[in-house]
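Asker: Take this structure, written in structure tokens, and hold onto it; I'll ask about it next.
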Amino acid sequence: KAGVTQTPRYLIKTRGQQVTLSCSPISGHRSVSWYQQTPGQGLQFLFEYFSETQRNKGNFPGRFSGRQFSNSRSEMNVSTLELGDSALYLCASSSSGTGYEQYFGPGTRLTVT
Amino acid sequence: AQSVTQLDSHVSVSEGTPVLLRCNYSSSYSPSLFWYVQHPNKGLQLLLKYTSAATLVKGINGFEAEFKKSETSFHLTKPSAHMSDAAEYFCVVRSTGNQFYFGTGTSLTVIP
């Protein structure tokens, strides 16, 4: 099976702009989670989508949003970018079977200037 | 509430010597626990998982971890370190709501 894919891999944006990141989960996986990773804060959970519904949400401002499509692909959007949004954004998918381990994509490196 | 504490932010070992990365967890029920590894500029790779079966869990690349309920620990070990083991390691606990809580990570350095 193909792994989790994320596009784009690298992105440079200007403060105040918005950005959309995409994640394609492993075939058959219905859960997609998003994380933000920075050197100072480590790995922080953004949100999880399961069958097109947001099931869990982390403690991030409303500028961070996401959605999931019927084919389980997911997008996350960040509006009004701030310098502090510069980070590696990781997507992870998991099946609804036992074990519930997550499989991670390579990430999207977002730089806000 | 669930949480994990990785007791060491940095660990250095010589190549060929044992590796011990320590993790304590907090959970109000029998948890699902995981170890992930992240090499520089890469995503996270699952090393092993514990889901209330055998308490000694074997993973990839010679790593294993032992679940000790009495000590609320899930330490990661490897008998002999290899240069390619140098990376960041994360201990993770999963909640019943399928939310994953990550530790702050342990950076492993392997000295040749």
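Naming works like this for the structure tokens: A, B, ... for the chains as they're shown, residue 1 at the start of each chain, ligands 1 onward in shown order.
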From a backbone DSSP assignment, name each residue in chain B labelled strand (DSSP E or B), as a VMD selection string.

Answerer: chain B and resid 3 to 6 10 to 14 19 to 21 23 to 26 32 to 38 44 to 50 56 to 58 64 to 68 73 to 78 87 to 94 100 to 102 106 to 111

Asker: Output as a list in words the set of chain A residues within 7 Å of chain B, with distances taken over only C-alpha atoms.

Answerer: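 Close enough to count are Gly42, Leu43, Asn56, Gly99, Phe104, Gly105, Pro106 and Gly107 of chain A.
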
Asker: For N, CA, C and O atoms, I'd like the residues from the last selection saved as a PDB file, in the first residue's frame.

Answerer:
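Heads up, here's the output in result_21.pdb:
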```pdb
ATOM      1  N   GLY A  42       7.263  21.469  20.278  1.00  0.00           N
ATOM      2  CA  GLY A  42       7.187  20.039  19.997  1.00  0.00           C
ATOM      3  C   GLY A  42       6.011  19.713  19.102  1.00  0.00           C
ATOM      4  O   GLY A  42       5.582  20.537  18.289  1.00  0.00           O
ATOM      5  N   LEU A  43       5.467  18.516  19.294  1.00  0.00           N
ATOM      6  CA  LEU A  43       4.334  18.048  18.487  1.00  0.00           C
ATOM      7  C   LEU A  43       3.034  18.421  19.176  1.00  0.00           C
ATOM      8  O   LEU A  43       2.759  17.977  20.275  1.00  0.00           O
ATOM      9  N   ASN A  56     -12.013  15.191  16.999  1.00  0.00           N
ATOM     10  CA  ASN A  56     -11.228  15.742  18.094  1.00  0.00           C
ATOM     11  C   ASN A  56     -10.619  17.055  17.644  1.00  0.00           C
ATOM     12  O   ASN A  56     -10.335  17.238  16.461  1.00  0.00           O
ATOM     13  N   GLY A  99      -5.863  -1.638  17.460  1.00  0.00           N
ATOM     14  CA  GLY A  99      -4.491  -1.131  17.462  1.00  0.00           C
ATOM     15  C   GLY A  99      -4.444   0.371  17.335  1.00  0.00           C
ATOM     16  O   GLY A  99      -3.758   1.024  18.095  1.00  0.00           O
ATOM     17  N   PHE A 104       2.303   8.251   9.661  1.00  0.00           N
ATOM     18  CA  PHE A 104       2.555   9.646   9.355  1.00  0.00           C
ATOM     19  C   PHE A 104       3.064   9.866   7.937  1.00  0.00           C
ATOM     20  O   PHE A 104       3.795   9.039   7.386  1.00  0.00           O
ATOM     21  N   GLY A 105       2.690  11.003   7.396  1.00  0.00           N
ATOM     22  CA  GLY A 105       3.262  11.456   6.149  1.00  0.00           C
ATOM     23  C   GLY A 105       4.584  12.171   6.393  1.00  0.00           C
ATOM     24  O   GLY A 105       4.993  12.351   7.543  1.00  0.00           O
ATOM     25  N   PRO A 106       5.252  12.607   5.329  1.00  0.00           N
ATOM     26  CA  PRO A 106       6.556  13.260   5.468  1.00  0.00           C
ATOM     27  C   PRO A 106       6.463  14.693   5.966  1.00  0.00           C
ATOM     28  O   PRO A 106       7.469  15.266   6.374  1.00  0.00           O
ATOM     29  N   GLY A 107       5.266  15.255   5.928  1.00  0.00           N
ATOM     30  CA  GLY A 107       5.088  16.614   6.429  1.00  0.00           C
ATOM     31  C   GLY A 107       5.180  17.676   5.351  1.00  0.00           C
ATOM     32  O   GLY A 107       5.730  17.465   4.273  1.00  0.00           O
TER      33      GLY A 107
END
```

Asker: Leaving out Tyr10 in chain A and any residue of its chain fewer than 4 positions from it, which residues lie within 7 Å of it when counting only C-alpha atoms, given as a PyMOL selection string?

Answerer: chain A and resi 108-110

Asker: Would you return as a list in words the members of chain B that DSSP assigns to helix (DSSP H, G or I) on this structure's backbone?

Answerer: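 Taking chain B and keeping helix (DSSP H, G or I) only, one gets Ile60, Asn61, Gly62, Met83, Ser84 and Asp85 of chain B.
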
Asker: The selected residues should be written to file as a compact mmCIF listing (two decimals), in the first residue's frame (atoms: N, CA, C and O atoms).

Answerer:
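After the write, selection-v2.txt holds the following:
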```txt
# COMPACT_ATOMS: atom_id res chain seq x y z
N ILE B 60 10.46 -2.83 15.35
CA ILE B 60 11.36 -2.92 14.21
C ILE B 60 12.78 -2.52 14.62
O ILE B 60 12.98 -1.88 15.66
N ASN B 61 13.75 -2.91 13.80
CA ASN B 61 15.15 -2.51 13.98
C ASN B 61 15.73 -2.92 15.33
O ASN B 61 16.64 -2.26 15.83
N GLY B 62 15.23 -3.99 15.91
CA GLY B 62 15.79 -4.51 17.15
C GLY B 62 15.33 -3.83 18.42
O GLY B 62 15.81 -4.14 19.52
N MET B 83 24.72 3.36 14.38
CA MET B 83 24.78 4.76 13.98
C MET B 83 23.46 5.24 13.40
O MET B 83 23.04 6.38 13.62
N SER B 84 22.78 4.36 12.68
CA SER B 84 21.52 4.75 12.04
C SER B 84 20.38 4.96 13.05
O SER B 84 19.30 5.42 12.67
N ASP B 85 20.62 4.62 14.31
CA ASP B 85 19.58 4.83 15.34
C ASP B 85 19.52 6.28 15.81
O ASP B 85 18.59 6.66 16.54
```

Asker: At a cut-off of 8 Å, using only C-alpha atoms, what residues contact Met76 in chain A? Leave out same-chain residues fewer than 6 positions from it and give the result as a list in words.

Answerer: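 Non-adjacent residues within range: Thr20, Leu21, Ser22, Trp34, Phe64, Ser65, Gly66 and Arg67 of chain A.
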
Asker: Point out the residue among B:Leu7, B:Val37, B:Thr106, B:Pro18 with the least atom-to-atom distance to Ser73 in chain B, counting only C-alpha atoms.

Answerer: B:Leu7

Asker: To one decimal in Å, tell me the separation between CA of Asn59 in chain A and CA of Ser107 in chain B.

Answerer: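 Atom-to-atom, CA of Asn59 in chain A to CA of Ser107 in chain B, that is 25.7 Å.
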
Asker: So how far away is CA of Ser95 in chain A from CA of Asn77 in chain A, in Å?

Answerer: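 Those two atoms sit 23.5 Å apart.
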
Asker: So the first atom is CA of Ser95 in chain B and the second is CA of Gly59 in chain B; what is the distance between them in Å, to one decimal place?

Answerer: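 Calculated distance between CA of Ser95 in chain B and CA of Gly59 in chain B is 21.4 Å.
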
Asker: Need to verify the contact set: Gln102 in chain A, 8 Å, only C-alpha atoms, exclusion of same-chain residues closer than 6 positions in sequence. Can you return it as a PDB file with N, CA, C and O atoms, in the first residue's frame?

Answerer:
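Result written to around-v5.pdb:
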```
ATOM      1  N   ALA A  92      -1.432  12.372   9.786  1.00  0.00           N
ATOM      2  CA  ALA A  92      -1.349  10.949  10.131  1.00  0.00           C
ATOM      3  C   ALA A  92      -2.692  10.297   9.866  1.00  0.00           C
ATOM      4  O   ALA A  92      -3.742  10.894  10.114  1.00  0.00           O
ATOM      5  N   SER A  93      -2.665   9.082   9.376  1.00  0.00           N
ATOM      6  CA  SER A  93      -3.919   8.356   9.158  1.00  0.00           C
ATOM      7  C   SER A  93      -3.923   7.068   9.969  1.00  0.00           C
ATOM      8  O   SER A  93      -2.871   6.528  10.315  1.00  0.00           O
ATOM      9  N   SER A  94      -5.114   6.621  10.306  1.00  0.00           N
ATOM     10  CA  SER A  94      -5.257   5.348  10.989  1.00  0.00           C
ATOM     11  C   SER A  94      -6.557   4.688  10.549  1.00  0.00           C
ATOM     12  O   SER A  94      -7.489   5.358  10.097  1.00  0.00           O
TER      13      SER A  94
ATOM     14  N   LEU B  46       6.467   4.423  13.007  1.00  0.00           N
ATOM     15  CA  LEU B  46       6.080   3.605  14.146  1.00  0.00           C
ATOM     16  C   LEU B  46       7.149   2.548  14.425  1.00  0.00           C
ATOM     17  O   LEU B  46       7.521   1.783  13.534  1.00  0.00           O
TER      18      LEU B  46
END
```

Asker: Counting only C-alpha atoms, which residue out of B:Asn24, B:Thr17, B:Ser3, B:Ser70 sits closest to Val110 in chain B?

Answerer: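 Comparing B:Asn24, B:Thr17, B:Ser3, B:Ser70 against Val110 in chain B, the winner is B:Thr17.
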
Asker: Which polymer residues have any atom within 12 Å of an atom of Gly84 in chain A, counting only C-alpha atoms, with same-chain residues fewer than 4 positions away left out, as a PyMOL selection string?

Answerer: chain A and resi 14-16+36-41+78+80+88+110-113

Asker: Measuring atom to atom with only C-alpha atoms, identify which of B:His82, B:Ile111, B:Trp35, B:His75 is nearest to Asp8 in chain B.

Answerer: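 The closest residue to Asp8 in chain B is B:His75.
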